[in-house]
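Printed here is model01.cif (mmCIF, C-alpha atoms):
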```
data_entry
loop_
_atom_site.label_atom_id
_atom_site.label_comp_id
_atom_site.auth_asym_id
_atom_site.auth_seq_id
_atom_site.Cartn_x
_atom_site.Cartn_y
_atom_site.Cartn_z
CA ASN A 1 66.82 105.49 111.77
CA PRO A 2 68.12 102.67 109.59
CA ALA A 3 66.40 99.33 109.87
CA GLY A 4 67.84 97.12 112.57
CA ILE A 5 69.88 94.03 111.77
CA ALA A 6 69.75 90.64 113.49
CA VAL A 7 72.72 88.28 113.27
CA GLN A 8 73.58 84.98 114.91
CA CYS A 9 77.14 85.68 116.01
CA ILE A 10 78.97 88.64 117.46
CA GLY A 11 81.53 88.08 114.72
CA ASP A 12 78.77 88.53 112.14
CA VAL A 13 78.16 92.17 113.06
CA PRO A 14 78.79 93.97 109.76
CA ALA A 15 81.11 96.91 109.28
CA ALA A 16 79.60 100.37 109.21
CA ASP A 17 77.91 101.20 105.90
CA ILE A 18 76.54 104.69 105.26
CA THR A 19 74.25 103.34 102.53
CA VAL A 20 71.97 101.90 105.21
CA VAL A 21 70.70 105.49 105.63
CA ILE A 22 68.41 105.60 102.63
CA ASP A 23 66.10 108.57 103.12
CA GLU A 24 68.41 111.44 103.98
CA ALA A 25 67.08 114.74 102.67
CA ASP A 26 67.49 118.52 103.13
CA ASN A 27 65.62 121.66 102.11
CA CYS A 28 68.62 123.22 100.42
CA SER A 29 71.14 120.51 99.47
CA THR A 30 71.88 116.85 99.42
CA PRO A 31 73.08 115.98 102.94
CA THR A 32 76.15 113.91 103.66
CA VAL A 33 75.93 110.71 105.69
CA ALA A 34 78.92 109.71 107.84
CA PHE A 35 79.66 107.02 110.36
CA VAL A 36 80.03 108.40 113.87
CA SER A 37 80.52 105.59 116.34
CA ASP A 38 79.64 102.14 117.63
CA SER A 39 78.83 101.26 121.22
CA ASP A 40 77.67 97.95 122.66
CA ASN A 41 75.95 96.72 125.78
CA GLY A 42 78.57 94.11 126.63
CA GLY A 43 76.09 91.26 126.13
CA LEU A 44 77.23 87.70 125.56
CA GLY A 45 75.33 87.15 122.35
CA THR A 46 72.95 84.68 123.95
CA THR A 47 69.20 84.51 124.24
CA VAL A 48 69.33 85.74 127.84
CA SER A 49 72.14 88.21 127.17
CA PRO A 50 71.87 89.60 123.61
CA TYR A 51 74.82 91.53 122.23
CA VAL A 52 73.48 94.86 120.95
CA VAL A 53 75.50 97.38 118.95
CA THR A 54 74.21 100.94 118.79
CA ARG A 55 75.63 102.35 115.57
CA THR A 56 75.39 106.10 115.02
CA TYR A 57 75.49 107.91 111.69
CA SER A 58 75.41 111.67 111.17
CA VAL A 59 73.44 113.40 108.43
CA THR A 60 74.85 116.88 107.65
CA ASP A 61 73.78 119.45 105.10
CA ALA A 62 75.92 122.01 103.28
CA ALA A 63 75.24 124.61 105.95
CA GLY A 64 76.59 122.34 108.67
CA ASN A 65 73.24 121.51 110.13
CA SER A 66 73.37 117.93 111.41
CA ILE A 67 71.36 115.17 113.00
CA ASN A 68 72.26 111.71 114.19
CA VAL A 69 70.42 108.52 113.35
CA VAL A 70 70.87 105.22 115.11
CA GLN A 71 70.89 101.64 113.86
CA LEU A 72 70.59 98.69 116.27
CA ILE A 73 72.45 95.48 115.42
CA THR A 74 71.56 92.53 117.63
CA ALA A 75 73.54 89.28 117.87
CA ILE A 76 71.78 86.30 119.44
CA ASP A 77 73.22 82.83 118.92
CA ASP A 78 70.26 80.50 119.31
CA GLN A 79 71.60 77.74 117.07
CA ASN A 80 72.84 74.51 118.64
CA PRO A 81 76.25 73.13 117.83
CA THR A 82 76.46 69.91 115.84
CA ALA A 83 78.27 66.61 116.34
CA SER A 84 77.83 62.97 115.44
CA ASN A 85 77.55 60.12 117.90
CA PRO A 86 81.05 58.66 118.38
CA ALA A 87 81.76 55.26 116.86
CA GLY A 88 80.88 52.35 119.11
CA ILE A 89 83.53 50.23 120.80
CA ALA A 90 83.54 46.45 121.24
CA VAL A 91 85.63 44.86 123.99
CA GLN A 92 85.97 41.33 125.34
CA CYS A 93 85.74 41.98 129.06
CA ILE A 94 83.75 44.31 131.28
CA GLY A 95 87.06 45.35 132.80
CA ASP A 96 88.26 46.42 129.35
CA VAL A 97 85.69 49.22 129.05
CA PRO A 98 87.89 52.30 128.54
CA ALA A 99 87.68 55.49 130.53
CA ALA A 100 85.77 58.40 129.08
CA ASP A 101 87.70 60.27 126.39
CA ILE A 102 86.33 63.49 124.92
CA THR A 103 88.53 63.09 121.83
CA VAL A 104 86.20 60.36 120.55
CA VAL A 105 83.89 63.20 119.49
CA ILE A 106 85.68 64.19 116.31
CA ASP A 107 83.33 66.40 114.29
CA GLU A 108 81.96 68.95 116.75
CA ALA A 109 81.16 72.26 115.04
CA ASP A 110 79.24 75.47 115.65
CA ASN A 111 78.08 78.46 113.66
CA CYS A 112 79.79 80.98 115.94
CA SER A 113 82.55 79.33 117.95
CA THR A 114 84.51 76.19 118.61
CA PRO A 115 82.28 74.13 120.92
CA THR A 116 83.49 72.42 124.08
CA VAL A 117 83.10 68.66 124.52
CA ALA A 118 82.61 67.29 128.05
CA PHE A 119 81.88 63.90 129.57
CA VAL A 120 78.40 63.74 131.10
CA SER A 121 77.68 60.25 132.37
CA ASP A 122 77.86 56.47 131.95
CA SER A 123 74.97 54.08 132.36
CA ASP A 124 74.85 50.36 131.71
CA ASN A 125 72.25 47.70 131.10
CA GLY A 126 73.43 45.38 133.85
CA GLY A 127 74.38 42.67 131.34
CA LEU A 128 76.77 39.86 132.24
CA GLY A 129 79.18 40.43 129.37
CA THR A 130 78.20 37.21 127.62
CA THR A 131 76.92 36.43 124.16
CA VAL A 132 73.37 36.07 125.45
CA SER A 133 73.68 38.95 127.91
CA PRO A 134 76.02 41.63 126.53
CA TYR A 135 77.20 44.35 128.88
CA VAL A 136 76.43 47.68 127.19
CA VAL A 137 77.62 51.05 128.46
CA THR A 138 75.79 54.12 127.19
CA ARG A 139 78.31 56.95 127.47
CA THR A 140 77.05 60.51 127.05
CA TYR A 141 79.09 63.56 126.06
CA SER A 142 77.86 67.16 125.83
CA VAL A 143 78.82 69.57 123.07
CA THR A 144 78.36 73.20 124.15
CA ASP A 145 79.04 76.46 122.32
CA ALA A 146 80.08 79.81 123.76
CA ALA A 147 76.46 80.93 123.97
CA GLY A 148 75.53 77.95 126.14
CA ASN A 149 73.64 76.11 123.42
CA SER A 150 74.23 72.40 123.94
CA ILE A 151 73.51 68.95 122.57
CA ASN A 152 74.35 65.48 123.81
CA VAL A 153 75.90 62.67 121.81
CA VAL A 154 76.04 59.02 122.82
CA GLN A 155 78.66 56.32 122.42
CA LEU A 156 77.86 52.64 122.97
CA ILE A 157 80.55 50.37 124.42
CA THR A 158 79.71 46.66 124.31
CA ALA A 159 81.52 43.94 126.24
CA ILE A 160 80.99 40.37 125.06
CA ASP A 161 83.36 37.67 126.29
CA ASP A 162 83.42 35.02 123.56
CA THR A 163 86.88 33.65 124.36
CA ALA A 164 87.00 30.38 126.27
CA PRO A 165 89.50 29.76 129.09
CA ILE A 166 92.89 28.29 128.21
CA ILE A 167 94.17 25.05 129.72
CA SER A 168 97.90 24.88 129.13
CA SER A 169 98.53 21.49 130.66
CA CYS A 170 96.53 18.49 131.85
CA PRO A 171 97.65 15.83 134.36
CA THR A 172 99.72 13.13 132.71
CA ASN A 173 98.43 9.66 131.89
CA LEU A 174 99.03 7.15 134.68
CA VAL A 175 99.16 3.39 135.08
CA GLU A 176 98.29 2.06 138.53
CA CYS A 177 97.97 -1.42 139.97
CA ALA A 178 94.74 -2.45 141.62
CA ALA A 179 94.98 -2.31 145.40
CA ASN A 180 93.58 -5.80 145.90
CA GLU A 181 92.34 -8.75 143.95
CA VAL A 182 88.78 -8.44 145.22
CA THR A 183 87.76 -4.93 144.18
CA GLN A 184 90.33 -4.53 141.41
CA LYS A 185 90.32 -0.78 142.09
CA ALA A 186 92.96 1.82 142.80
CA VAL A 187 92.68 5.11 144.69
CA VAL A 188 94.74 7.72 142.88
CA SER A 189 95.84 10.97 144.54
CA ASN A 190 97.42 14.22 143.34
CA ILE A 191 95.68 14.37 139.98
CA GLU A 192 94.07 17.80 140.46
CA LEU A 193 94.19 20.36 137.66
CA ASN A 194 96.91 22.78 138.72
CA PRO A 195 95.54 26.36 138.90
CA LEU A 196 98.76 27.55 137.29
CA ASN A 197 97.81 25.58 134.19
CA TYR A 198 94.57 27.34 133.32
CA SER A 199 93.56 30.98 132.84
CA ASP A 200 91.00 33.23 131.23
CA ASN A 201 91.24 36.44 129.22
CA CYS A 202 88.79 38.27 131.50
CA GLY A 203 89.94 36.87 134.83
CA GLY A 204 87.33 36.38 137.49
CA VAL A 205 86.47 33.16 139.27
CA LEU A 206 87.02 30.04 137.18
CA THR A 207 85.03 26.91 137.99
CA VAL A 208 86.66 23.50 137.60
CA GLN A 209 84.56 20.37 137.08
CA TYR A 210 85.47 16.86 136.02
CA GLN A 211 84.01 13.75 134.47
CA ILE A 212 85.17 10.16 134.83
CA LYS A 213 84.36 7.41 132.32
CA ASP A 214 85.35 3.78 132.67
CA LYS A 215 86.63 1.40 130.03
CA ASP A 216 83.10 0.86 128.74
CA ASN A 217 82.59 4.62 128.37
CA THR A 218 80.12 4.61 131.25
CA ILE A 219 80.04 7.91 133.14
CA LEU A 220 81.01 7.26 136.75
CA VAL A 221 81.18 10.92 137.77
CA ASP A 222 79.68 13.66 135.63
CA PHE A 223 80.54 17.34 135.39
CA GLY A 224 79.27 19.21 138.43
CA ASP A 225 78.69 16.09 140.55
CA ASP A 226 81.66 16.91 142.77
CA ALA A 227 81.68 20.45 144.12
CA ASP A 228 85.44 20.64 144.75
CA GLY A 229 86.37 19.90 141.12
CA ASP A 230 89.24 17.58 142.04
CA ALA A 231 89.30 13.95 140.96
CA SER A 232 92.07 13.13 143.43
CA GLY A 233 91.18 10.34 145.81
CA TYR A 234 88.71 8.62 143.50
CA ASP A 235 88.70 4.83 143.57
CA PHE A 236 89.20 3.92 139.91
CA PRO A 237 88.01 0.58 138.54
CA GLU A 238 90.12 -1.84 136.56
CA GLY A 239 90.90 -0.91 132.97
CA LEU A 240 91.23 2.37 131.07
CA ASN A 241 89.55 5.32 132.79
CA THR A 242 89.24 8.68 131.09
CA ILE A 243 89.21 11.81 133.23
CA THR A 244 88.15 15.08 131.63
CA TYR A 245 88.62 18.37 133.42
CA ARG A 246 86.45 21.32 132.39
CA VAL A 247 87.28 24.96 133.21
CA ILE A 248 84.32 27.39 133.04
CA ASP A 249 84.63 31.18 133.11
CA VAL A 250 82.09 33.70 134.42
CA ALA A 251 80.67 34.06 130.91
CA GLY A 252 79.85 30.35 130.84
CA LEU A 253 82.53 29.54 128.26
CA SER A 254 84.49 26.37 128.87
CA SER A 255 87.51 24.36 127.77
CA ASP A 256 88.26 20.69 128.39
CA CYS A 257 91.35 18.56 128.73
CA SER A 258 91.54 14.81 129.25
CA PHE A 259 93.97 12.22 130.52
CA THR A 260 93.76 8.52 131.36
CA ILE A 261 94.37 6.32 134.35
CA THR A 262 94.79 2.64 133.61
CA VAL A 263 94.22 0.30 136.55
CA LYS A 264 95.97 -3.01 136.00
CA HIS A 265 94.45 -6.26 137.23
CA LYS A 266 95.91 -7.62 140.43
CA PRO A 267 96.06 -11.42 140.35
CA GLY A 268 94.97 -13.39 143.40
CA LEU A 269 97.31 -15.75 145.26
CA SER A 270 95.78 -18.71 143.45
CA ASN A 271 96.90 -17.21 140.20
CA ILE A 272 100.50 -16.96 141.27
CA GLU A 273 102.67 -19.98 140.41
#
```
Would you encode the structure as structure tokens?
Amino acid sequence: NPAGIAVQCIGDVPAADITVVIDEADNCSTPTVAFVSDSDNGGLGTTVSPYVVTRTYSVTDAAGNSINVVQLITAIDDQNPTASNPAGIAVQCIGDVPAADITVVIDEADNCSTPTVAFVSDSDNGGLGTTVSPYVVTRTYSVTDAAGNSINVVQLITAIDDTAPIISSCPTNLVECAANEVTQKAVVSNIELNPLNYSDNCGGVLTVQYQIKDKDNTILVDFGDDADGDASGYDFPEGLNTITYRVIDVAGLSSDCSFTITVKHKPGLSNIE
């Protein structure tokens, strides 16, 4: 019987070749070798289900005497497919992380077949999506050949919000008269920062804070002192007061805008001629 042959792929099974019978002999003549038939076991060509061809050759002498010899050809694909890790993706917002897409695996290959790419899973590091705490998704895809050999590849998707909120408009500068000649102060209403005038690229809850400085640049109210973030109703002292609103996004990024309220001195009755 000819020596057996081992191949990786069913498609690698060679054509019949009578020269594989190398020791044919006869007592009276040189026998003739001929291919008779191939049969297979219907295997899948895998480690657990080898594909085995039983190839039969006949050896016949001049008198018509004949024997059959058998060669076994076994195909077992035990080689994994190949693929590179997909290129990483950088996005601004956690909400911008794209859905899984098997087409990001672009170089999958196999020795025997075209492998199949499938999404396996996502995991993340629990980051906040900020510069100091990036949100990183580890996305896993499998690459599997027809024989069931498989590898995993990993794509990293990183969300870092480094874009501050936008304030499109600040309250306008105002000039108010002091309410009385004793305190020389004025309570000013309706100077909140309109929610329609600020936004953020990633959405989420935006925090508004404010600071008030008087004419001497002394801080009367600092950022975060007032929980409601609205300077309306404050009793402003005489002179030029500077109000700065600050909008802070969930990533801790902030933008400021400022306006002024000038409180004019109210003269007492003794000053009026």
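For the pair CA of Thr260 in chain A and CA of Val175 in chain A, the interatomic distance is 8.3 Å.
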ask   = Near Thr60 in chain A, counting all atoms listed in the file, which residues have an atom at most 6 Å away, once you skip same-chain residues fewer than 6 positions from it, shown as a PyMOL selection string?
value = chain A and resi 31-32+66
Give as a JSON list (two decimals) with C-alpha atoms, in the coordinates of the input the residues that the PyMOL selection byres ((chain A and resi 49-54) around 8) matches when applied to the coordinates above.
```
[["chain", "number", "residue", "atom", "x", "y", "z"],
["A", 10, "ILE", "CA", 78.97, 88.64, 117.46],
["A", 38, "ASP", "CA", 79.64, 102.14, 117.63],
["A", 39, "SER", "CA", 78.83, 101.26, 121.22],
["A", 40, "ASP", "CA", 77.67, 97.95, 122.66],
["A", 41, "ASN", "CA", 75.95, 96.72, 125.78],
["A", 42, "GLY", "CA", 78.57, 94.11, 126.63],
["A", 43, "GLY", "CA", 76.09, 91.26, 126.13],
["A", 44, "LEU", "CA", 77.23, 87.70, 125.56],
["A", 45, "GLY", "CA", 75.33, 87.15, 122.35],
["A", 46, "THR", "CA", 72.95, 84.68, 123.95],
["A", 47, "THR", "CA", 69.20, 84.51, 124.24],
["A", 48, "VAL", "CA", 69.33, 85.74, 127.84],
["A", 55, "ARG", "CA", 75.63, 102.35, 115.57],
["A", 56, "THR", "CA", 75.39, 106.10, 115.02],
["A", 70, "VAL", "CA", 70.87, 105.22, 115.11],
["A", 71, "GLN", "CA", 70.89, 101.64, 113.86],
["A", 72, "LEU", "CA", 70.59, 98.69, 116.27],
["A", 73, "ILE", "CA", 72.45, 95.48, 115.42],
["A", 74, "THR", "CA", 71.56, 92.53, 117.63],
["A", 75, "ALA", "CA", 73.54, 89.28, 117.87],
["A", 76, "ILE", "CA", 71.78, 86.30, 119.44]]
```
Enumerate, as a PDB file with C-alpha atoms, in the frame of the given file, the residues matched when the PyMOL selection byres ((chain A and resi 15) around 12) is run on the file above.
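Result saved to out21.pdb:
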```
ATOM      1  CA  ILE A   5      69.880  94.030 111.770  1.00  0.00           C
ATOM      2  CA  ILE A  10      78.970  88.640 117.460  1.00  0.00           C
ATOM      3  CA  GLY A  11      81.530  88.080 114.720  1.00  0.00           C
ATOM      4  CA  ASP A  12      78.770  88.530 112.140  1.00  0.00           C
ATOM      5  CA  VAL A  13      78.160  92.170 113.060  1.00  0.00           C
ATOM      6  CA  PRO A  14      78.790  93.970 109.760  1.00  0.00           C
ATOM      7  CA  ALA A  16      79.600 100.370 109.210  1.00  0.00           C
ATOM      8  CA  ASP A  17      77.910 101.200 105.900  1.00  0.00           C
ATOM      9  CA  ILE A  18      76.540 104.690 105.260  1.00  0.00           C
ATOM     10  CA  THR A  19      74.250 103.340 102.530  1.00  0.00           C
ATOM     11  CA  VAL A  20      71.970 101.900 105.210  1.00  0.00           C
ATOM     12  CA  PHE A  35      79.660 107.020 110.360  1.00  0.00           C
ATOM     13  CA  SER A  37      80.520 105.590 116.340  1.00  0.00           C
ATOM     14  CA  ASP A  38      79.640 102.140 117.630  1.00  0.00           C
ATOM     15  CA  VAL A  53      75.500  97.380 118.950  1.00  0.00           C
ATOM     16  CA  ARG A  55      75.630 102.350 115.570  1.00  0.00           C
ATOM     17  CA  ILE A  73      72.450  95.480 115.420  1.00  0.00           C
TER      18      ILE A  73
END
```
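We find CA of Thr262 in chain A and CA of Asp222 in chain A to be spaced 18.8 Å apart.
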task = Name the residues in contact with Thr183 in chain A at a cut-off of 10 Å, using all atoms listed in the file, excluding same-chain residues fewer than 2 positions from it; report them as a list in words.
result = Ala178, Ala179, Asn180, Glu181, Lys185, Ala186, Asp235, Phe236, Pro237, Glu238, His265 and Lys266 of chain A
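Selecting by distance to (82.9, 76.3, 120.9) with a limit of 7 Å and using only C-alpha atoms, one obtains A:Asp110, A:Ser113, A:Thr114, A:Pro115, A:Thr116, A:Thr144, A:Asp145, A:Ala146.
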Go ahead and save the picked residues with C-alpha atoms, as a PDB file, in the frame of the given file.
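Final output, saved to out_16.pdb:
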```pdb
ATOM      1  CA  ASP A 110      79.240  75.470 115.650  1.00  0.00           C
ATOM      2  CA  SER A 113      82.550  79.330 117.950  1.00  0.00           C
ATOM      3  CA  THR A 114      84.510  76.190 118.610  1.00  0.00           C
ATOM      4  CA  PRO A 115      82.280  74.130 120.920  1.00  0.00           C
ATOM      5  CA  THR A 116      83.490  72.420 124.080  1.00  0.00           C
ATOM      6  CA  THR A 144      78.360  73.200 124.150  1.00  0.00           C
ATOM      7  CA  ASP A 145      79.040  76.460 122.320  1.00  0.00           C
ATOM      8  CA  ALA A 146      80.080  79.810 123.760  1.00  0.00           C
TER       9      ALA A 146
END
```
task = Counting all atoms listed in the file, write as a VMD selection string all protein and nucleic acid residues lying at most 10 Å from (75.9, 37.6, 126.3) in the file's frame.
result = chain A and resid 127 to 135 159 to 162 251 to 252
